[in-house]
Amino acid sequence: MTSAKFITFEGIDGAGKSTHIGYVADLLRARGLTVVSTREPGGTELGEALRELVLHKKMHLETEAMLMFASRREHLAEVIEPALGRGDWVVSDRFTDATFAYQGGGRKLSIQKLEVLEQWVHPHLQPDLTLLFDVSLEVARARLDATRDLDKFEQEKATFFADTRAEYLRRASQFPARFRIVDSTRSIADIQQSLAQIISAL
Ligand SMILES: Nc1ncnc2c1ncn2[C@@H]1O[C@H](COP(=O)(O)OP(=O)(O)O)[C@@H](O)[C@H]1O
Ligand SMILES: Cc1cn([C@H]2C[C@H](O)[C@@H](COP(=O)(O)OP(=O)(O)O)O2)c(=O)[nH]c1=O
């Protein structure tokens, strides 16, 4: 575990990403690595302002997709690329797979248009590892209902999340070298055990 790596956490809302990101960061720090933990949309001052807009305002689908990539452009320039350049590891709660899954799968924006934005914003960078927390819609919904006020995306109907999840799984089969699917219906302890195995195999 020498060269800096970029690890992303993905999955539908309520899958458990936020629960596990700190655990993975701690596993890496225990190996003596310096870890930058961040999130999208957000991760920078401007990105957090854009997050407020995209999570709470109604807008045209293409505006939404472009704001996700605008936030990402800033995030790459201000946080991700400098950290990797210093040799730090980066763990991010969501990245470009989320745009393909939510705006592409969920909202049906053309995948080709998203590929154009991806090529523009990060033509040469992909995560080294993407942990896809996979869970049924019913389990995810029950977890969300038990815990928090729902934002614009979390209020979407079941078919939206079915399509979002399907696009995540499609991407996992398209890019098997970087994706690991984590069955998140299991207990937190069982999931942590799988995460520890994945990280130690890096
Ligand atoms: N494996 C699990 N078993 C039971 N509850 C879980 C599990 N993983 C997460 N939760 C709970 O579900 C809720 C949503 O988890 P969270 O990590 O915020 O999801 P996400 O970041 O993917 O939207 C939280 O209240 C969390 O404590
Ligand atoms: C990064 C990204 C997030 N999103 C959505 C998914 C989530 O519903 C929402 C915020 O993500 P997230 O931080 O996972 O939400 P929470 O703080 O509630 O755990 O933004 C997109 O639609 N496209 C994107 O490109």
# chains A, B, ... in the order shown; residues from 1 in each chain; ligands from 1
call {"tool": "residues_near_ligand", "arguments": {"ligand": "ligand 2", "cutoff": "8 Å", "atoms": "only C-alpha atoms and all ligand atoms", "output": "VMD selection string"}}
result
chain A and resid 10 to 14 17 to 18 39 to 41 51 54 to 55 64 to 65 68 to 69 93 to 103 150 to 154
call {"tool": "residues_near_ligand", "arguments": {"ligand": "ligand 1", "cutoff": "9 Å", "atoms": "only C-alpha atoms and all ligand atoms", "output": "ChimeraX atom specification"}}
result
/A:9-21,93,133,139-148,154,183-191
call {"tool": "residues_around", "arguments": {"residues": "segment 24-35 of chain A", "least_positions_apart": "2", "cutoff": "7 Å", "atoms": "only C-alpha atoms", "output": "list in words"}}
result
His20, Ile21, Gly22, Ser37, Asp88, Trp89 and Val90 of chain A
call {"tool": "write_last_selection", "arguments": {"atoms": "N, CA and C atoms", "output": "tab-separated table (two decimals), in the first residue's frame"}}
result
chain	number	residue	atom	x	y	z
A	20	HIS	N	-20.22	3.86	6.76
A	20	HIS	CA	-18.98	3.08	6.65
A	20	HIS	C	-17.75	3.87	6.21
A	21	ILE	N	-17.94	5.10	5.76
A	21	ILE	CA	-16.78	5.82	5.21
A	21	ILE	C	-15.74	6.10	6.30
A	22	GLY	N	-16.21	6.43	7.50
A	22	GLY	CA	-15.28	6.69	8.59
A	22	GLY	C	-14.51	5.43	8.98
A	37	SER	N	-10.97	12.70	3.70
A	37	SER	CA	-12.35	12.19	3.58
A	37	SER	C	-13.24	13.32	3.09
A	88	ASP	N	-1.51	11.60	-0.48
A	88	ASP	CA	-2.57	11.24	0.47
A	88	ASP	C	-3.59	10.35	-0.21
A	89	TRP	N	-4.28	9.54	0.58
A	89	TRP	CA	-5.38	8.73	0.05
A	89	TRP	C	-6.67	9.56	0.15
A	90	VAL	N	-7.56	9.36	-0.81
A	90	VAL	CA	-8.82	10.12	-0.80
A	90	VAL	C	-9.99	9.14	-0.75
call {"tool": "select_by_dssp", "arguments": {"residues": "chain A", "states": "strand (DSSP E)", "output": "compact mmCIF listing (two decimals) with N, CA, C and O atoms, in the first residue's frame"}}
result
# COMPACT_ATOMS: atom_id res chain seq x y z
N PHE A 6 -7.54 6.55 -4.75
CA PHE A 6 -8.80 7.29 -4.72
C PHE A 6 -9.93 6.26 -4.61
O PHE A 6 -10.12 5.45 -5.52
N ILE A 7 -10.65 6.30 -3.47
CA ILE A 7 -11.70 5.31 -3.21
C ILE A 7 -13.04 6.03 -3.14
O ILE A 7 -13.18 7.02 -2.41
N THR A 8 -14.03 5.54 -3.90
CA THR A 8 -15.34 6.17 -3.85
C THR A 8 -16.39 5.22 -3.27
O THR A 8 -16.27 4.00 -3.39
N PHE A 9 -17.38 5.84 -2.61
CA PHE A 9 -18.47 5.12 -1.96
C PHE A 9 -19.75 5.45 -2.70
O PHE A 9 -20.09 6.62 -2.84
N GLU A 10 -20.45 4.43 -3.16
CA GLU A 10 -21.66 4.66 -3.96
C GLU A 10 -22.79 3.76 -3.49
O GLU A 10 -22.57 2.76 -2.81
N VAL A 35 -5.22 10.31 5.13
CA VAL A 35 -6.47 10.12 4.40
C VAL A 35 -7.26 11.42 4.39
O VAL A 35 -7.44 12.06 5.42
N VAL A 36 -7.73 11.79 3.20
CA VAL A 36 -8.65 12.93 3.05
C VAL A 36 -10.04 12.35 2.81
O VAL A 36 -10.23 11.58 1.88
N SER A 37 -10.97 12.70 3.70
CA SER A 37 -12.35 12.19 3.58
C SER A 37 -13.24 13.32 3.09
O SER A 37 -13.25 14.40 3.66
N THR A 38 -13.98 13.08 2.02
CA THR A 38 -14.73 14.17 1.40
C THR A 38 -16.03 13.64 0.82
O THR A 38 -16.37 12.46 0.99
N ARG A 39 -16.81 14.53 0.15
CA ARG A 39 -18.10 14.07 -0.36
C ARG A 39 -18.54 14.89 -1.57
O ARG A 39 -18.06 16.01 -1.79
N TRP A 89 -4.28 9.54 0.58
CA TRP A 89 -5.38 8.73 0.05
C TRP A 89 -6.67 9.56 0.15
O TRP A 89 -6.81 10.38 1.08
N VAL A 90 -7.56 9.36 -0.81
CA VAL A 90 -8.82 10.12 -0.80
C VAL A 90 -9.99 9.14 -0.75
O VAL A 90 -10.05 8.20 -1.55
N VAL A 91 -10.89 9.34 0.23
CA VAL A 91 -12.15 8.58 0.25
C VAL A 91 -13.28 9.58 0.03
O VAL A 91 -13.36 10.59 0.72
N SER A 92 -14.12 9.30 -0.95
CA SER A 92 -15.19 10.26 -1.27
C SER A 92 -16.56 9.58 -1.23
O SER A 92 -16.76 8.53 -1.85
N ASP A 93 -17.46 10.20 -0.47
CA ASP A 93 -18.86 9.77 -0.41
C ASP A 93 -19.51 10.26 -1.71
O ASP A 93 -19.89 11.42 -1.80
N LEU A 129 -10.77 2.39 -6.67
CA LEU A 129 -11.69 1.41 -6.09
C LEU A 129 -13.02 2.10 -5.85
O LEU A 129 -13.06 3.21 -5.31
N THR A 130 -14.11 1.44 -6.26
CA THR A 130 -15.46 1.97 -5.98
C THR A 130 -16.22 0.91 -5.19
O THR A 130 -16.41 -0.22 -5.67
N LEU A 131 -16.61 1.27 -3.97
CA LEU A 131 -17.39 0.36 -3.13
C LEU A 131 -18.86 0.67 -3.38
O LEU A 131 -19.33 1.77 -3.06
N LEU A 132 -19.57 -0.29 -3.97
CA LEU A 132 -21.00 -0.08 -4.24
C LEU A 132 -21.80 -0.78 -3.15
O LEU A 132 -21.84 -2.02 -3.08
N PHE A 133 -22.39 0.03 -2.28
CA PHE A 133 -23.23 -0.50 -1.20
C PHE A 133 -24.59 -0.82 -1.80
O PHE A 133 -25.34 0.08 -2.18
N ASP A 134 -24.89 -2.11 -1.89
CA ASP A 134 -26.09 -2.52 -2.61
C ASP A 134 -27.13 -3.09 -1.65
O ASP A 134 -26.83 -3.97 -0.84
N PHE A 179 -14.85 -1.86 -9.37
CA PHE A 179 -16.01 -1.95 -8.48
C PHE A 179 -15.93 -3.17 -7.55
O PHE A 179 -15.51 -4.25 -7.98
N ARG A 180 -16.35 -2.99 -6.30
CA ARG A 180 -16.65 -4.11 -5.41
C ARG A 180 -18.07 -3.89 -4.90
O ARG A 180 -18.37 -2.82 -4.38
N ILE A 181 -18.92 -4.90 -5.08
CA ILE A 181 -20.30 -4.77 -4.60
C ILE A 181 -20.36 -5.29 -3.17
O ILE A 181 -19.93 -6.40 -2.88
N VAL A 182 -20.86 -4.44 -2.26
CA VAL A 182 -20.94 -4.79 -0.84
C VAL A 182 -22.43 -5.02 -0.52
O VAL A 182 -23.23 -4.09 -0.62
N ASP A 183 -22.77 -6.24 -0.15
CA ASP A 183 -24.17 -6.55 0.18
C ASP A 183 -24.52 -5.87 1.51
O ASP A 183 -24.10 -6.30 2.57
call {"tool": "atom_distance", "arguments": {"atom1": "atom CA of His124 of chain A", "atom2": "atom CA of Arg170 of chain A"}}
result
21.6 Å
call {"tool": "residues_around", "arguments": {"residues": "Ala77 of chain A", "least_positions_apart": "3", "cutoff": "12 Å", "atoms": "only C-alpha atoms", "output": "number ranges by chain"}}
result
A: 43-44, 46-47, 70-74, 80-85, 121-122
call {"tool": "atom_distance", "arguments": {"atom1": "atom CA of Ile199 of chain A", "atom2": "atom CA of Leu76 of chain A"}}
result
23.2 Å
call {"tool": "residues_around", "arguments": {"residues": "Thr164 of chain A", "least_positions_apart": "3", "cutoff": "8 Å", "atoms": "only C-alpha atoms", "output": "MDAnalysis selection string"}}
result
chainID A and resid 12 101:102 104:106 160:161 167:168
call {"tool": "closest_residue", "arguments": {"among": "A:Ala196, A:Arg171, A:Leu202, A:Ala4", "to": "Gly87 of chain A", "atoms": "only C-alpha atoms"}}
result
A:Ala4
call {"tool": "closest_residue", "arguments": {"among": "A:Ser136, A:Glu78, A:Ala162, A:Arg86", "to": "Arg107 of chain A", "atoms": "only C-alpha atoms"}}
result
A:Ala162
call {"tool": "select_by_dssp", "arguments": {"residues": "chain A", "states": "helix (DSSP H, G or I)", "output": "number ranges by chain"}}
result
A: 17-29, 45-56, 61-86, 96-106, 111-121, 137-147, 158-174, 188-200
call {"tool": "closest_residue", "arguments": {"among": "A:His56, A:Pro176, A:Val79, A:Leu169", "to": "Gln155 of chain A", "atoms": "only C-alpha atoms"}}
result
A:His56
call {"tool": "atom_distance", "arguments": {"atom1": "atom CA of Ala158 of chain A", "atom2": "atom CA of Gln192 of chain A"}}
result
27.5 Å
